[in-house]
>>> print(open('query00.csv').read())   # CSV, C-alpha atoms and all ligand atoms
chain,number,residue,atom,x,y,z
A,1402,MET,CA,80.6,107.9,115.7
A,1403,ARG,CA,82.9,106.1,113.3
A,1404,ILE,CA,83.7,107.5,109.8
A,1405,ASP,CA,85.5,105.4,107.2
A,1406,ILE,CA,86.9,107.4,104.3
A,1407,ILE,CA,87.7,105.6,101.0
A,1408,THR,CA,90.1,107.5,98.9
A,1409,VAL,CA,93.0,107.1,96.4
A,1410,LEU,CA,94.8,109.9,98.3
A,1411,PRO,CA,94.8,109.0,102.0
A,1412,GLU,CA,97.9,111.2,102.5
A,1413,LEU,CA,95.9,114.3,101.4
A,1414,MET,CA,93.2,113.5,104.0
A,1415,ALA,CA,95.4,113.2,107.1
A,1416,SER,CA,96.3,116.8,107.7
A,1417,PRO,CA,92.8,118.3,108.4
A,1418,PHE,CA,92.3,115.6,111.0
A,1419,SER,CA,95.6,116.2,112.8
A,1420,GLY,CA,94.8,119.5,114.4
A,1421,SER,CA,92.1,121.7,116.0
A,1422,ILE,CA,88.6,120.5,116.8
A,1423,MET,CA,88.6,117.3,114.7
A,1424,LYS,CA,91.7,116.1,116.5
A,1425,ARG,CA,90.2,117.0,119.8
A,1426,ALA,CA,87.1,114.9,119.0
A,1427,VAL,CA,89.3,111.9,118.0
A,1428,ASP,CA,91.5,112.3,121.1
A,1429,LYS,CA,88.4,112.5,123.4
A,1430,GLY,CA,87.1,109.2,121.8
A,1431,LEU,CA,84.0,110.9,120.4
A,1432,VAL,CA,84.7,109.9,116.9
A,1433,GLU,CA,87.0,107.4,115.1
A,1434,VAL,CA,88.2,108.2,111.6
A,1435,HIS,CA,89.7,105.5,109.4
A,1436,PHE,CA,91.2,106.0,106.0
A,1437,HIS,CA,91.2,103.3,103.4
A,1438,ASN,CA,93.4,103.4,100.3
A,1439,LEU,CA,91.4,102.2,97.4
A,1440,ARG,CA,94.5,100.9,95.7
A,1441,ASP,CA,94.8,98.3,98.6
A,1442,TYR,CA,91.6,96.7,97.2
A,1443,SER,CA,92.8,96.5,93.6
A,1444,SER,CA,93.0,93.0,92.2
A,1445,ASN,CA,95.7,93.9,89.8
A,1446,ASN,CA,99.5,94.0,90.2
A,1447,TYR,CA,99.7,97.7,89.2
A,1448,LYS,CA,97.2,98.6,91.9
A,1449,GLN,CA,95.0,100.0,89.2
A,1450,VAL,CA,91.7,101.4,90.4
A,1451,ASP,CA,90.6,103.4,87.3
A,1452,ASP,CA,89.9,102.7,83.6
A,1453,TYR,CA,88.7,104.4,80.4
A,1454,GLN,CA,85.0,105.2,79.9
A,1455,PHE,CA,82.9,102.9,77.9
A,1456,GLY,CA,81.6,104.8,74.9
A,1457,GLY,CA,84.7,107.0,74.8
A,1458,GLY,CA,85.3,110.4,76.3
A,1459,ALA,CA,88.0,112.2,78.2
A,1460,GLY,CA,88.9,111.2,81.8
A,1461,MET,CA,89.3,108.0,83.8
A,1462,VAL,CA,86.6,106.4,85.9
A,1463,LEU,CA,87.0,104.7,89.3
A,1464,MET,CA,86.2,101.0,88.8
A,1465,ILE,CA,83.4,99.2,90.8
A,1466,GLU,CA,85.4,96.2,91.9
A,1467,PRO,CA,87.9,97.7,94.4
A,1468,ILE,CA,85.1,100.0,95.8
A,1469,ASP,CA,82.8,97.0,96.2
A,1470,LYS,CA,85.6,95.0,98.0
A,1471,CYS,CA,86.4,97.9,100.4
A,1472,ILE,CA,82.7,98.7,101.2
A,1473,SER,CA,81.8,95.0,101.6
A,1474,GLN,CA,84.7,94.4,103.9
A,1475,LEU,CA,83.7,97.3,106.1
A,1476,LYS,CA,80.0,96.2,106.1
A,1477,GLU,CA,81.1,92.7,107.2
A,1478,GLN,CA,82.5,94.2,110.4
A,1479,ARG,CA,79.6,96.6,111.3
A,1480,SER,CA,76.5,98.2,110.0
A,1481,TYR,CA,76.6,101.7,108.4
A,1482,ASP,CA,73.9,104.4,108.5
A,1483,GLU,CA,75.0,106.0,105.2
A,1484,VAL,CA,77.4,105.4,102.4
A,1485,ILE,CA,78.1,108.9,101.2
A,1486,TYR,CA,79.6,109.8,97.8
A,1487,MET,CA,81.3,113.2,97.5
A,1488,THR,CA,80.4,114.6,94.1
A,1489,PRO,CA,79.7,118.0,92.5
A,1490,ASP,CA,76.3,116.7,91.4
A,1491,GLY,CA,75.2,115.7,94.9
A,1492,LYS,CA,72.9,117.6,97.2
A,1493,CYS,CA,74.7,120.8,98.4
A,1494,LEU,CA,75.9,120.5,102.0
A,1495,ASP,CA,74.2,122.8,104.4
A,1496,GLN,CA,73.9,123.2,108.2
A,1497,SER,CA,70.7,121.1,108.5
A,1498,MET,CA,72.4,118.2,106.6
A,1499,ALA,CA,75.4,118.5,109.0
A,1500,ASN,CA,73.1,118.5,112.0
A,1501,GLU,CA,71.3,115.4,110.7
A,1502,LEU,CA,74.6,113.5,110.0
A,1503,SER,CA,76.1,114.4,113.4
A,1504,LEU,CA,73.4,112.2,115.0
A,1505,LYS,CA,74.4,109.1,113.0
A,1506,GLY,CA,76.5,106.2,114.2
A,1507,ASN,CA,78.7,104.9,111.4
A,1508,LEU,CA,79.4,106.6,108.1
A,1509,ILE,CA,81.3,105.6,105.0
A,1510,ILE,CA,82.5,108.4,102.8
A,1511,LEU,CA,83.6,107.6,99.3
A,1512,CYS,CA,85.8,110.2,97.6
A,1513,GLY,CA,85.4,110.5,93.8
A,1514,HIS,CA,88.4,111.1,91.7
A,1515,TYR,CA,89.3,111.6,88.0
A,1516,LYS,CA,85.9,111.8,86.2
A,1517,GLY,CA,84.1,110.0,89.1
A,1518,VAL,CA,83.0,106.5,89.9
A,1519,ASP,CA,81.3,103.9,87.7
A,1520,GLN,CA,77.5,104.7,87.9
A,1521,ARG,CA,76.8,101.2,89.3
A,1522,VAL,CA,78.6,102.2,92.5
A,1523,ARG,CA,76.1,105.0,92.9
A,1524,ASP,CA,73.2,102.8,92.0
A,1525,HIS,CA,74.0,99.9,94.3
A,1526,PHE,CA,76.2,101.1,97.2
A,1527,VAL,CA,75.7,104.9,97.7
A,1528,THR,CA,72.9,106.1,99.9
A,1529,LYS,CA,73.6,109.8,99.9
A,1530,GLU,CA,75.4,112.1,97.4
A,1531,ILE,CA,76.9,115.3,98.8
A,1532,SER,CA,78.5,118.3,97.1
A,1533,ILE,CA,80.2,121.1,99.0
A,1534,GLY,CA,79.4,123.7,96.4
A,1535,ASP,CA,78.7,124.4,92.7
A,1536,TYR,CA,82.3,124.1,91.5
A,1537,VAL,CA,84.4,121.1,90.5
A,1538,LEU,CA,87.3,120.0,92.7
A,1539,SER,CA,90.0,117.5,91.6
A,1540,GLY,CA,88.6,114.9,93.9
A,1541,GLY,CA,86.2,114.4,96.7
A,1542,GLU,CA,88.9,114.4,99.4
A,1543,LEU,CA,88.7,118.1,100.3
A,1544,GLY,CA,85.0,117.9,100.2
A,1545,ALA,CA,85.1,114.9,102.6
A,1546,ALA,CA,87.3,116.9,105.0
A,1547,VAL,CA,84.9,119.8,104.9
A,1548,LEU,CA,81.9,117.5,105.5
A,1549,CYS,CA,83.7,115.8,108.4
A,1550,ASP,CA,84.6,119.1,110.0
A,1551,ALA,CA,81.0,120.4,109.7
A,1552,VAL,CA,79.6,117.2,111.2
A,1553,ILE,CA,82.2,116.3,113.9
A,1554,ARG,CA,82.1,119.7,115.6
A,1555,LEU,CA,78.3,119.1,116.2
A,1556,ILE,CA,78.8,115.8,118.0
A,1557,PRO,CA,77.7,116.3,121.6
A,1558,GLY,CA,80.8,116.9,123.8
A,1559,VAL,CA,83.1,118.0,121.0
A,1560,LEU,CA,82.7,121.7,121.5
A,1561,SER,CA,82.9,123.4,124.9
A,1562,ASN,CA,80.3,125.9,126.1
A,1563,GLU,CA,82.4,128.8,124.9
A,1564,THR,CA,82.5,127.4,121.3
A,1565,SER,CA,78.9,126.0,121.3
A,1566,ALA,CA,77.5,125.4,117.9
A,1567,LEU,CA,74.1,126.7,118.9
A,1568,THR,CA,75.1,130.3,118.2
A,1569,ASP,CA,76.8,129.5,114.8
A,1570,SER,CA,75.6,131.1,111.6
A,1571,PHE,CA,73.0,129.1,109.8
A,1572,GLN,CA,71.7,127.3,113.0
A,1573,ASP,CA,68.4,129.2,112.8
A,1574,ASP,CA,68.6,129.9,109.0
A,1575,MET,CA,70.3,133.1,110.0
A,1576,LEU,CA,73.8,134.5,109.9
A,1577,ALA,CA,75.5,135.2,113.3
A,1578,PRO,CA,75.6,138.8,114.6
A,1579,PRO,CA,78.9,140.7,114.7
A,1580,ILE,CA,81.3,139.8,117.5
A,1581,TYR,CA,84.0,141.8,119.2
A,1582,THR,CA,86.8,141.3,121.8
A,1583,ARG,CA,89.2,143.6,123.7
A,1584,PRO,CA,90.2,146.4,123.3
A,1585,ALA,CA,86.9,148.2,123.6
A,1586,GLU,CA,88.4,150.9,121.4
A,1587,TYR,CA,91.1,150.6,118.8
A,1588,LYS,CA,92.3,153.5,116.6
A,1589,GLY,CA,89.1,155.3,117.5
A,1590,TRP,CA,86.9,152.3,116.3
A,1591,LYS,CA,84.6,151.5,119.2
A,1592,VAL,CA,82.7,148.3,120.2
A,1593,PRO,CA,79.0,149.1,120.3
A,1594,ASP,CA,78.1,150.5,123.8
A,1595,ILE,CA,75.3,147.9,124.3
A,1596,LEU,CA,77.8,145.1,124.4
A,1597,LEU,CA,79.6,146.7,127.3
A,1598,SER,CA,76.4,147.5,129.2
A,1599,GLY,CA,76.1,144.2,131.1
A,1600,ASN,CA,72.4,144.3,130.3
A,1601,THR,CA,71.9,140.7,129.1
A,1602,PRO,CA,68.3,141.0,127.7
A,1603,LYS,CA,69.2,144.1,125.8
A,1604,ILE,CA,72.4,142.5,124.5
A,1605,GLU,CA,70.4,139.4,123.3
A,1606,ALA,CA,67.8,141.7,121.6
A,1607,TRP,CA,70.6,143.6,119.9
A,1608,ARG,CA,72.2,140.4,118.7
A,1609,GLU,CA,68.9,139.1,117.2
A,1610,GLN,CA,68.4,142.4,115.5
A,1611,GLU,CA,71.9,142.5,114.1
A,1612,ALA,CA,71.7,138.8,113.0
A,1613,LEU,CA,68.6,139.7,111.1
A,1614,ARG,CA,70.2,142.8,109.5
A,1615,ASN,CA,73.3,140.7,108.6
A,1616,THR,CA,71.1,138.0,107.0
A,1617,GLU,CA,69.0,140.6,105.1
A,1618,GLU,CA,72.1,142.3,103.8
A,1619,LYS,CA,74.3,139.3,102.9
A,1620,ARG,CA,72.0,136.3,102.5
A,1621,PRO,CA,68.4,137.4,101.9
A,1622,ASP,CA,67.8,133.9,100.3
A,1623,LEU,CA,68.0,132.3,103.8
A,1624,LEU,CA,65.0,134.4,104.9
A,1625,ASP,CA,62.9,133.4,101.8
A,1626,GLU,CA,63.3,129.8,102.8
A,1701,LIG,N1,84.3,116.4,94.0
A,1701,LIG,C1,84.6,117.2,93.0
A,1701,LIG,N2,83.9,118.4,93.2
A,1701,LIG,C2,83.2,118.3,94.3
A,1701,LIG,C3,82.3,119.1,95.0
A,1701,LIG,N3,82.1,120.3,94.6
A,1701,LIG,N4,81.8,118.7,96.2
A,1701,LIG,C4,82.1,117.4,96.6
A,1701,LIG,N5,82.9,116.6,96.0
A,1701,LIG,C5,83.4,117.0,94.8
>>> encode(input="query00.csv", output="structure tokens", more="lines below")
Ligand code: ADE
Amino acid sequence: MRIDIITVLPELMASPFSGSIMKRAVDKGLVEVHFHNLRDYSSNNYKQVDDYQFGGGAGMVLMIEPIDKCISQLKEQRSYDEVIYMTPDGKCLDQSMANELSLKGNLIILCGHYKGVDQRVRDHFVTKEISIGDYVLSGGELGAAVLCDAVIRLIPGVLSNETSALTDSFQDDMLAPPIYTRPAEYKGWKVPDILLSGNTPKIEAWREQEALRNTEEKRPDLLDE
């Protein structure tokens, strides 16, 4: 997979990709991530990429021309499966969307900034609009990093068996069951006996039951779906 991220703040984007699982995926050659500074595509001496809204109103708007130049240049080099725009009014990211995107080849992610982008960018270039939750961030960069993390960890070969994504919360529209590690007893607080029993079928049944209980208690909406 190749991900091209278009942003006015490439320096903000680098750090989440420089450690942990995203870095491992890049180092293993399973994903390539490239950052593109939108200002490099500005046709103006001040590297301006935003302007006032037509019709008046507070907040600057990212202009179509530098975005067009950047996306068109990328598309001349390869084809892309999706041009994603990070925006609070997009479809809310969930596990099934992450699963679906992890199977794609090449993605462009456009990070909004200021008030957002000129609507014509959304109408003519963007194929998918994604939000990471019902709140407004200062820009799409952190959302793009969240999206990349959720997607990259699902690419086959990125996670080892021990960290397999198959047992993650949300994979079956359920939360994960509780987990424990050593010591088996700490300050009198014990790990459930069943987990120490070595009886795999019983442990699996317990986990399923606890996953259901967890989901009913914390996220009953998942069960309604
Ligand atoms: N940009 C600003 N707020 C956002 C959000 N909630 N999700 C994705 N991109 C955003």
>>> atom_distance(input="query00.csv", atom1="atom CA of A:Asp1469", atom2="atom CA of A:Leu1410")
17.7 Å
>>> closest_atom_pairs(input="query00.csv", of="chain A", to="ligand LIG 1701 (chain A)", cutoff="7 Å", atoms="all atoms listed in the file", output="Markdown table")
| residue | atom | partner | partner_atom | distance |
| --- | --- | --- | --- | --- |
| A:Met1487 | CA | A:LIG1701 | N5 | 4.0 |
| A:Thr1488 | CA | A:LIG1701 | N5 | 3.7 |
| A:Pro1489 | CA | A:LIG1701 | C3 | 3.8 |
| A:Gly1513 | CA | A:LIG1701 | N1 | 6.0 |
| A:Ile1531 | CA | A:LIG1701 | C4 | 6.0 |
| A:Ser1532 | CA | A:LIG1701 | N4 | 3.4 |
| A:Ile1533 | CA | A:LIG1701 | N4 | 4.0 |
| A:Gly1534 | CA | A:LIG1701 | N3 | 4.7 |
| A:Asp1535 | CA | A:LIG1701 | N3 | 5.7 |
| A:Tyr1536 | CA | A:LIG1701 | N3 | 4.9 |
| A:Val1537 | CA | A:LIG1701 | N2 | 3.9 |
| A:Leu1538 | CA | A:LIG1701 | N2 | 3.8 |
| A:Ser1539 | CA | A:LIG1701 | C1 | 5.6 |
| A:Gly1540 | CA | A:LIG1701 | N1 | 4.6 |
| A:Gly1541 | CA | A:LIG1701 | N1 | 3.9 |
| A:Gly1544 | CA | A:LIG1701 | C4 | 4.6 |
>>> residues_near_point(input="query00.csv", point="(82.1, 114.9, 120.1)", cutoff="6 Å", atoms="all atoms listed in the file", output="list in words")
Ala1426, Leu1431, Ile1556, Pro1557, Gly1558 and Val1559 of chain A
>>> write_last_selection(input="query00.csv", atoms="C-alpha atoms", output="compact mmCIF listing (two decimals), keeping the file's coordinate frame")
# COMPACT_ATOMS: atom_id res chain seq x y z
CA ALA A 1426 87.10 114.90 119.00
CA LEU A 1431 84.00 110.90 120.40
CA ILE A 1556 78.80 115.80 118.00
CA PRO A 1557 77.70 116.30 121.60
CA GLY A 1558 80.80 116.90 123.80
CA VAL A 1559 83.10 118.00 121.00
>>> residues_around(input="query00.csv", residues="A:Asp1574", least_positions_apart="4", cutoff="10 Å", atoms="only C-alpha atoms", output="list of chain:residue names")
A:Gln1496, A:Ser1497, A:Ser1570, A:Thr1616, A:Arg1620, A:Asp1622, A:Leu1623, A:Leu1624, A:Asp1625, A:Glu1626
>>> closest_residue(input="query00.csv", among="A:Leu1494, A:Val1427, A:Leu1613, A:Leu1439", to="A:Thr1408", atoms="all atoms listed in the file")
A:Leu1439
>>> residues_around(input="query00.csv", residues="A:Pro1578", least_positions_apart="4", cutoff="12 Å", atoms="only C-alpha atoms", output="PyMOL selection string")
chain A and resi 1568-1571+1596+1604-1619
>>> write_last_selection(input="query00.csv", atoms="C-alpha atoms", output="tab-separated table (two decimals), in the coordinates of the input")
chain	number	residue	atom	x	y	z
A	1568	THR	CA	75.10	130.30	118.20
A	1569	ASP	CA	76.80	129.50	114.80
A	1570	SER	CA	75.60	131.10	111.60
A	1571	PHE	CA	73.00	129.10	109.80
A	1596	LEU	CA	77.80	145.10	124.40
A	1604	ILE	CA	72.40	142.50	124.50
A	1605	GLU	CA	70.40	139.40	123.30
A	1606	ALA	CA	67.80	141.70	121.60
A	1607	TRP	CA	70.60	143.60	119.90
A	1608	ARG	CA	72.20	140.40	118.70
A	1609	GLU	CA	68.90	139.10	117.20
A	1610	GLN	CA	68.40	142.40	115.50
A	1611	GLU	CA	71.90	142.50	114.10
A	1612	ALA	CA	71.70	138.80	113.00
A	1613	LEU	CA	68.60	139.70	111.10
A	1614	ARG	CA	70.20	142.80	109.50
A	1615	ASN	CA	73.30	140.70	108.60
A	1616	THR	CA	71.10	138.00	107.00
A	1617	GLU	CA	69.00	140.60	105.10
A	1618	GLU	CA	72.10	142.30	103.80
A	1619	LYS	CA	74.30	139.30	102.90
>>> closest_atom_pairs(input="query00.csv", of="stretch 1445-1510 of chain A", to="stretch 1551-1554 of chain A", cutoff="12 Å", atoms="all atoms listed in the file", output="CSV")
residue,atom,partner,partner_atom,distance
A:Leu1494,CA,A:Ala1551,CA,9.2
A:Asp1495,CA,A:Ala1551,CA,8.9
A:Gln1496,CA,A:Ala1551,CA,7.8
A:Ser1497,CA,A:Val1552,CA,10.1
A:Met1498,CA,A:Val1552,CA,8.6
A:Ala1499,CA,A:Val1552,CA,4.9
A:Asn1500,CA,A:Val1552,CA,6.7
A:Glu1501,CA,A:Val1552,CA,8.5
A:Leu1502,CA,A:Val1552,CA,6.3
A:Ser1503,CA,A:Val1552,CA,5.0
A:Leu1504,CA,A:Val1552,CA,8.8
A:Lys1505,CA,A:Val1552,CA,9.8
A:Gly1506,CA,A:Ile1553,CA,11.6
A:Leu1508,CA,A:Val1552,CA,11.0
>>> residues_near_point(input="query00.csv", point="(91.1, 110.0, 102.5)", cutoff="8 Å", atoms="only C-alpha atoms", output="short mmCIF file (atom, residue, chain, number, x, y, z; two decimals) with C-alpha atoms, keeping the file's coordinate frame")
data_model
loop_
_atom_site.label_atom_id
_atom_site.label_comp_id
_atom_site.auth_asym_id
_atom_site.auth_seq_id
_atom_site.Cartn_x
_atom_site.Cartn_y
_atom_site.Cartn_z
CA ILE A 1406 86.90 107.40 104.30
CA ILE A 1407 87.70 105.60 101.00
CA THR A 1408 90.10 107.50 98.90
CA VAL A 1409 93.00 107.10 96.40
CA LEU A 1410 94.80 109.90 98.30
CA PRO A 1411 94.80 109.00 102.00
CA GLU A 1412 97.90 111.20 102.50
CA LEU A 1413 95.90 114.30 101.40
CA MET A 1414 93.20 113.50 104.00
CA ALA A 1415 95.40 113.20 107.10
CA PHE A 1436 91.20 106.00 106.00
CA HIS A 1437 91.20 103.30 103.40
CA ASN A 1438 93.40 103.40 100.30
CA CYS A 1512 85.80 110.20 97.60
CA GLU A 1542 88.90 114.40 99.40
CA ALA A 1545 85.10 114.90 102.60
#
>>> decode(input="query00.csv", residues="stretch 1528-1578 of chain A", atoms="C-alpha atoms", output="short mmCIF file (atom, residue, chain, number, x, y, z; two decimals), in the first residue's frame")
data_model
loop_
_atom_site.label_atom_id
_atom_site.label_comp_id
_atom_site.auth_asym_id
_atom_site.auth_seq_id
_atom_site.Cartn_x
_atom_site.Cartn_y
_atom_site.Cartn_z
CA THR A 1528 -14.01 10.15 -3.37
CA LYS A 1529 -14.45 9.58 0.38
CA GLU A 1530 -14.93 11.99 3.30
CA ILE A 1531 -13.94 10.70 6.71
CA SER A 1532 -14.36 12.11 10.22
CA ILE A 1533 -12.73 10.61 13.30
CA GLY A 1534 -15.53 11.74 15.62
CA ASP A 1535 -18.16 14.35 16.34
CA TYR A 1536 -15.84 17.14 17.42
CA VAL A 1537 -13.84 19.72 15.50
CA LEU A 1538 -10.04 19.52 15.34
CA SER A 1539 -7.83 22.37 14.17
CA GLY A 1540 -6.99 20.43 11.04
CA GLY A 1541 -7.27 17.01 9.45
CA GLU A 1542 -3.66 16.01 10.29
CA LEU A 1543 -4.36 14.24 13.58
CA GLY A 1544 -7.40 12.59 12.02
CA ALA A 1545 -5.24 11.38 9.11
CA ALA A 1546 -2.71 9.93 11.58
CA VAL A 1547 -5.53 8.12 13.43
CA LEU A 1548 -6.92 6.79 10.14
CA CYS A 1549 -3.47 5.60 9.00
CA ASP A 1550 -2.83 3.82 12.30
CA ALA A 1551 -6.22 2.07 12.18
CA VAL A 1552 -5.66 0.99 8.55
CA ILE A 1553 -1.93 0.16 8.53
CA ARG A 1554 -2.10 -2.23 11.49
CA LEU A 1555 -4.61 -4.31 9.49
CA ILE A 1556 -2.39 -4.77 6.43
CA PRO A 1557 -1.48 -8.47 6.28
CA GLY A 1558 1.99 -9.04 7.75
CA VAL A 1559 2.10 -5.87 9.86
CA LEU A 1560 1.00 -7.44 13.14
CA SER A 1561 2.55 -10.60 14.49
CA ASN A 1562 0.36 -13.47 15.75
CA GLU A 1563 0.57 -12.21 19.30
CA THR A 1564 -0.83 -8.84 18.33
CA SER A 1565 -3.29 -10.15 15.76
CA ALA A 1566 -6.07 -7.72 14.90
CA LEU A 1567 -8.62 -10.55 14.81
CA THR A 1568 -9.19 -10.35 18.56
CA ASP A 1569 -9.44 -6.55 18.68
CA SER A 1570 -12.48 -4.77 20.01
CA PHE A 1571 -15.03 -4.01 17.25
CA GLN A 1572 -13.85 -6.82 14.94
CA ASP A 1573 -17.17 -8.69 15.46
CA ASP A 1574 -19.12 -5.59 16.44
CA MET A 1575 -18.18 -6.49 20.00
CA LEU A 1576 -15.80 -5.10 22.55
CA ALA A 1577 -12.87 -7.30 23.61
CA PRO A 1578 -13.04 -9.32 26.85
#
